[in-house]
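Notes follow the structure.
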Amino acid sequence: MAHDRRPDTVESALARLFEAAADAHWFSLPGGERLFSAGEAADAVYLLRVGRLGVFRREEGQDPHLLGVVKPGEPVGEMALIAGTPHTSTVVALRDSELIALPRDAFFAATRQMPELMTELARLMILRARQTGAHAAEPTVFGFVGCAEHPCREFVEQVAGEVRSQGFKIQVIDSKALRSAAAWFSAVEESHDYVLYVAERGEVAWSHLVARQVDRLFLVGRAEDPAPHERLWAAAPLDEHRLVDLILIHRSDTARPKGTRAWLDAKNPARWFHVRADDREDAQRIARVLTGTSVGLVLSGGGARAYAHIGAIQALREAKVPIDFIGGSSMGGIVGAGVAMGWSQDELDDRIRKAFVDSSPVDDLTFPRIAMTRGRKVDRRLEEHYGEAEIEDLWLPFYCVSSNITAGGYVVHRTGSLRHALRASISLPGVLPPVLENGQVLVDGAVINNFPVGLMRAGHLGPVVGVDVSRARSVDPKTLEPPKSWWWWIASGEWRKGPPIVSIMMRAATLSTRADLMEARSATDLLVIPEPAGVEIRDWKAYEPAVAAGYTATVHALAKLDGPVTTLRRRKHAAAAALVAPVSADAPLEVAEPKSKGWFRRASEKPAKPAPARRRQPSPAPSRG
């Protein structure tokens, strides 16, 4: 009699492969140890039984970033093994783990006996290829360790409430669970969408346990307190792979953060977040970071055409799309920095007008020994509008890029003087003098990376919105025609734009290759391409039409969506899964305790995984004492 059929899973397919193979073996992997590294040959497929694995990728010149986690019952390494390619990522045990390994020869021998299983695995490989980074799940277990005498539990509960309001089931666990058995922790994590462990300052033993239990750790401090230098956790995987972040809580009336550098020096976090005490919007932002629904906005360079970014931001704000991370290149960085500082739409509009529209920022022409302009007007305007702000003290995580023409490559500015970084990011070769930093010559970021989406994708797991004006029409051939007369050129004010050669230099310096542009655009989840018709790259007066183009293009892009921007990546992954979902499959197998023989057992037909609201909550952890 045929089994009742239901959608298959990769675990059941692999379980059947393991059952048919005689060479499968069990082994343990201590927390912090690597299972394999990127570039290594794939010689086995693995099935995780206990613990958690982190999947990391390192981009050139950047810290390794977490692509996701592998949970019990999930495989790892099968894609490279089947494709016959080296591993593309590094996999590390985030906590003490147990795995089952099936060597290459045994794997292919088993699939020859059951060819239908190779078809199932091929289907799953297609699914994972369509879901960038989806070969591992998003982190769901987080730790919060207090760095201040003031308890952080209240803040964590506030964040948990916002996660709960998104429809997820979440549990907050404190030091009362210190003496609980390992099985209790596993049961809690299995029965909830998210689990938050919270340890107050002084709870040393519990802090160390929390750090060994979570996918990612947040240190929570009070901005007005001195940064403590003592070690509050012990977990090699978190340190080595940059999985420790910082949250600084400010007074509710704080106008602008300050003093972040001391905390960064003391704790060396991968990321840092500023929140106001008892501010719901800030708590919602941290909740989105936890649930992978935080929104990153990337703005390209493009000279005066980048005014379109202001209209795009207006449209996003009107549509209630949150902006949680922001980055950009050249003029995109200029506009994005204002958002990161907390400027309202009116303030953003007013300051950009004063800095770039009311009078040309590049009309202080000089003998072109290094550049066509002295750059002093730009320096004064950056100082006027951005002051002495440090990037690490901005309300939102921000970066901009410049190009290092001494060493070759681009520089990512995440800390230090904001106006210094912006000055480097907009230093178009031949137009503005370059910036000298530590013996290196820095010029406009658009020269090498005009649309830095990859940096945003590496920084968070949520959707990325990109606004790209880099390929809009920029140099009108008519502007290169000789003027009616040089006297007319001066009297009309056209000289303030700079001579037509400025347009050629600006366009040539920001002309990305088609391959680079397509790669950056494909990394976005929502791509907006304004078409500021008639706006020339050096036409600093063409503010209104460029802003209108950005607004219109963003409104149209948002109108095409079938849901909120915050869940774009989740919906994309769900759609990809639906395209390759199996029609039917035999009853699955599940892994039992490893024994010399017969350590697999056939599972009886199990119901589909219940909705989060119906999950059984484990009994409360026993209190200490």
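Chain labels follow the order of the structure tokens: the first chain is A, the next B, and so on; residue numbering restarts at 1 in every chain, and ligands are counted from 1 in their shown order.
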**Prompt:** Using only C-alpha atoms, which residues sit within 6 Å of stretch 29-33 of chain A once same-chain residues fewer than 3 positions away are excluded, as a ChimeraX atom specification?
**Reply:** /A:92-97,236-237
**Request:** Would you mind listing what lies within 10 Å of A:Glu392 as a ChimeraX atom specification, with only C-alpha atoms counted and same-chain residues fewer than 3 positions away left out?
**Result:** /A:257-261,264,271-274,389,395-399,413-418
Selection to disk with C-alpha atoms, as a PDB file, in the first residue's frame:
ATOM      1  CA  PRO A 257      24.861  60.985  19.976  1.00  0.00           C
ATOM      2  CA  LYS A 258      28.439  61.646  21.014  1.00  0.00           C
ATOM      3  CA  GLY A 259      31.312  59.802  22.610  1.00  0.00           C
ATOM      4  CA  THR A 260      30.785  56.579  20.678  1.00  0.00           C
ATOM      5  CA  ARG A 261      34.483  56.222  19.869  1.00  0.00           C
ATOM      6  CA  LEU A 264      34.153  51.220  20.030  1.00  0.00           C
ATOM      7  CA  ARG A 271      28.012  47.087  14.274  1.00  0.00           C
ATOM      8  CA  TRP A 272      26.613  49.693  16.621  1.00  0.00           C
ATOM      9  CA  PHE A 273      23.168  51.158  17.108  1.00  0.00           C
ATOM     10  CA  HIS A 274      21.960  54.299  18.875  1.00  0.00           C
ATOM     11  CA  ALA A 389      30.058  65.105  13.514  1.00  0.00           C
ATOM     12  CA  TRP A 395      21.713  58.036  14.584  1.00  0.00           C
ATOM     13  CA  LEU A 396      21.699  55.463  11.778  1.00  0.00           C
ATOM     14  CA  PRO A 397      24.523  53.141  10.677  1.00  0.00           C
ATOM     15  CA  PHE A 398      26.115  54.896   7.708  1.00  0.00           C
ATOM     16  CA  TYR A 399      28.965  54.428   5.273  1.00  0.00           C
ATOM     17  CA  HIS A 413      34.274  55.186   5.661  1.00  0.00           C
ATOM     18  CA  ARG A 414      32.323  53.934   8.687  1.00  0.00           C
ATOM     19  CA  THR A 415      34.035  55.927  11.451  1.00  0.00           C
ATOM     20  CA  GLY A 416      35.885  59.199  11.826  1.00  0.00           C
ATOM     21  CA  SER A 417      35.121  62.723  10.670  1.00  0.00           C
ATOM     22  CA  LEU A 418      31.956  62.778   8.576  1.00  0.00           C
TER      23      LEU A 418
END
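Counting only C-alpha atoms, the residue from A:Val469, A:Leu526, A:Met341, A:Leu568 that sits nearest to A:Leu299 is A:Val469.
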**Request:** Find the spatial neighbours of A:Pro452, counting only C-alpha atoms, within a cut-off of 10 Å - ignore same-chain residues fewer than 2 positions away - and output them as a PyMOL selection string.
**Result:** chain A and resi 298-301+327-329+399-401+412+445-446+448-450+454-457+466+517+520-521+523
**Prompt:** Can you list every residue in stretch 30-262 of chain A that DSSP puts in alpha helix (DSSP H), as a ChimeraX atom specification?
**Reply:** /A:78-83,104-113,115-130,153-165,182-191,204-213,236-240,260-262
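By chain and then residue number, the residues within 7 Å of A:Ala424 are A:Ser402, A:His420, A:Ala421, A:Ser427, A:Pro434, A:Val435, A:Leu442, A:Val443, A:Asp444, counting only C-alpha atoms and disregarding those fewer than 3 positions away in sequence.
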Would you save the residues from that selection as an mmCIF file, in the first residue's frame, using C-alpha atoms?
data_model
loop_
_atom_site.group_PDB
_atom_site.id
_atom_site.type_symbol
_atom_site.label_atom_id
_atom_site.label_comp_id
_atom_site.auth_asym_id
_atom_site.auth_seq_id
_atom_site.Cartn_x
_atom_site.Cartn_y
_atom_site.Cartn_z
ATOM 1 C CA SER A 402 36.050 56.883 -1.713
ATOM 2 C CA HIS A 420 36.329 64.494 5.875
ATOM 3 C CA ALA A 421 34.819 61.245 4.556
ATOM 4 C CA SER A 427 36.514 64.545 -4.910
ATOM 5 C CA PRO A 434 41.930 64.931 -3.799
ATOM 6 C CA VAL A 435 42.040 64.195 -0.069
ATOM 7 C CA LEU A 442 41.599 59.525 -2.042
ATOM 8 C CA VAL A 443 39.229 60.631 -4.782
ATOM 9 C CA ASP A 444 35.550 60.252 -5.607
#
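With only C-alpha atoms taken into account, the protein and nucleic acid residues at most 9 Å from A:Asp43 (excluding it and anything under 2 positions from it in its own chain) are Glu40, Ala41, Val45, Gly77, Ala80, Leu81, Leu102, Pro103, Arg104 and Asp105 of chain A.
Nearest residue to A:Ala306, choosing from A:Ala109, A:Val378, A:Met331, A:Leu243 and counting only C-alpha atoms: A:Met331.
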**Message:** Just list as a ChimeraX atom specification whatever in stretch 345-405 of chain A DSSP marks as strand (DSSP E or B).
**Reply:** /A:365,373,390,398-404
Each residue of stretch 306-339 of chain A with at least one atom at most 12 Å from stretch 532-544 of chain A should appear once, together with its nearest atom pair and the corresponding distance in Å (one decimal); atoms considered: only C-alpha atoms; ordering: chain, then increasing residue number; output as a Markdown table.
| residue | atom | partner | partner_atom | distance |
| --- | --- | --- | --- | --- |
| A:Ala306 | CA | A:Ile537 | CA | 8.7 |
| A:Tyr307 | CA | A:Tyr543 | CA | 6.2 |
| A:Ala308 | CA | A:Pro532 | CA | 7.3 |
| A:His309 | CA | A:Pro532 | CA | 10.8 |
| A:Ile310 | CA | A:Tyr543 | CA | 9.7 |
| A:Gly311 | CA | A:Glu544 | CA | 9.1 |
| A:Met331 | CA | A:Ile537 | CA | 11.1 |
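Going from atom CA of A:Tyr386 to atom CA of A:Val555 covers 29.0 Å.
Of note, atom CA of A:Arg222 and atom CA of A:Phe155 are spaced 11.4 Å apart.
The space between atom CA of A:Gln166 and atom CA of A:His150 spans 27.9 Å.
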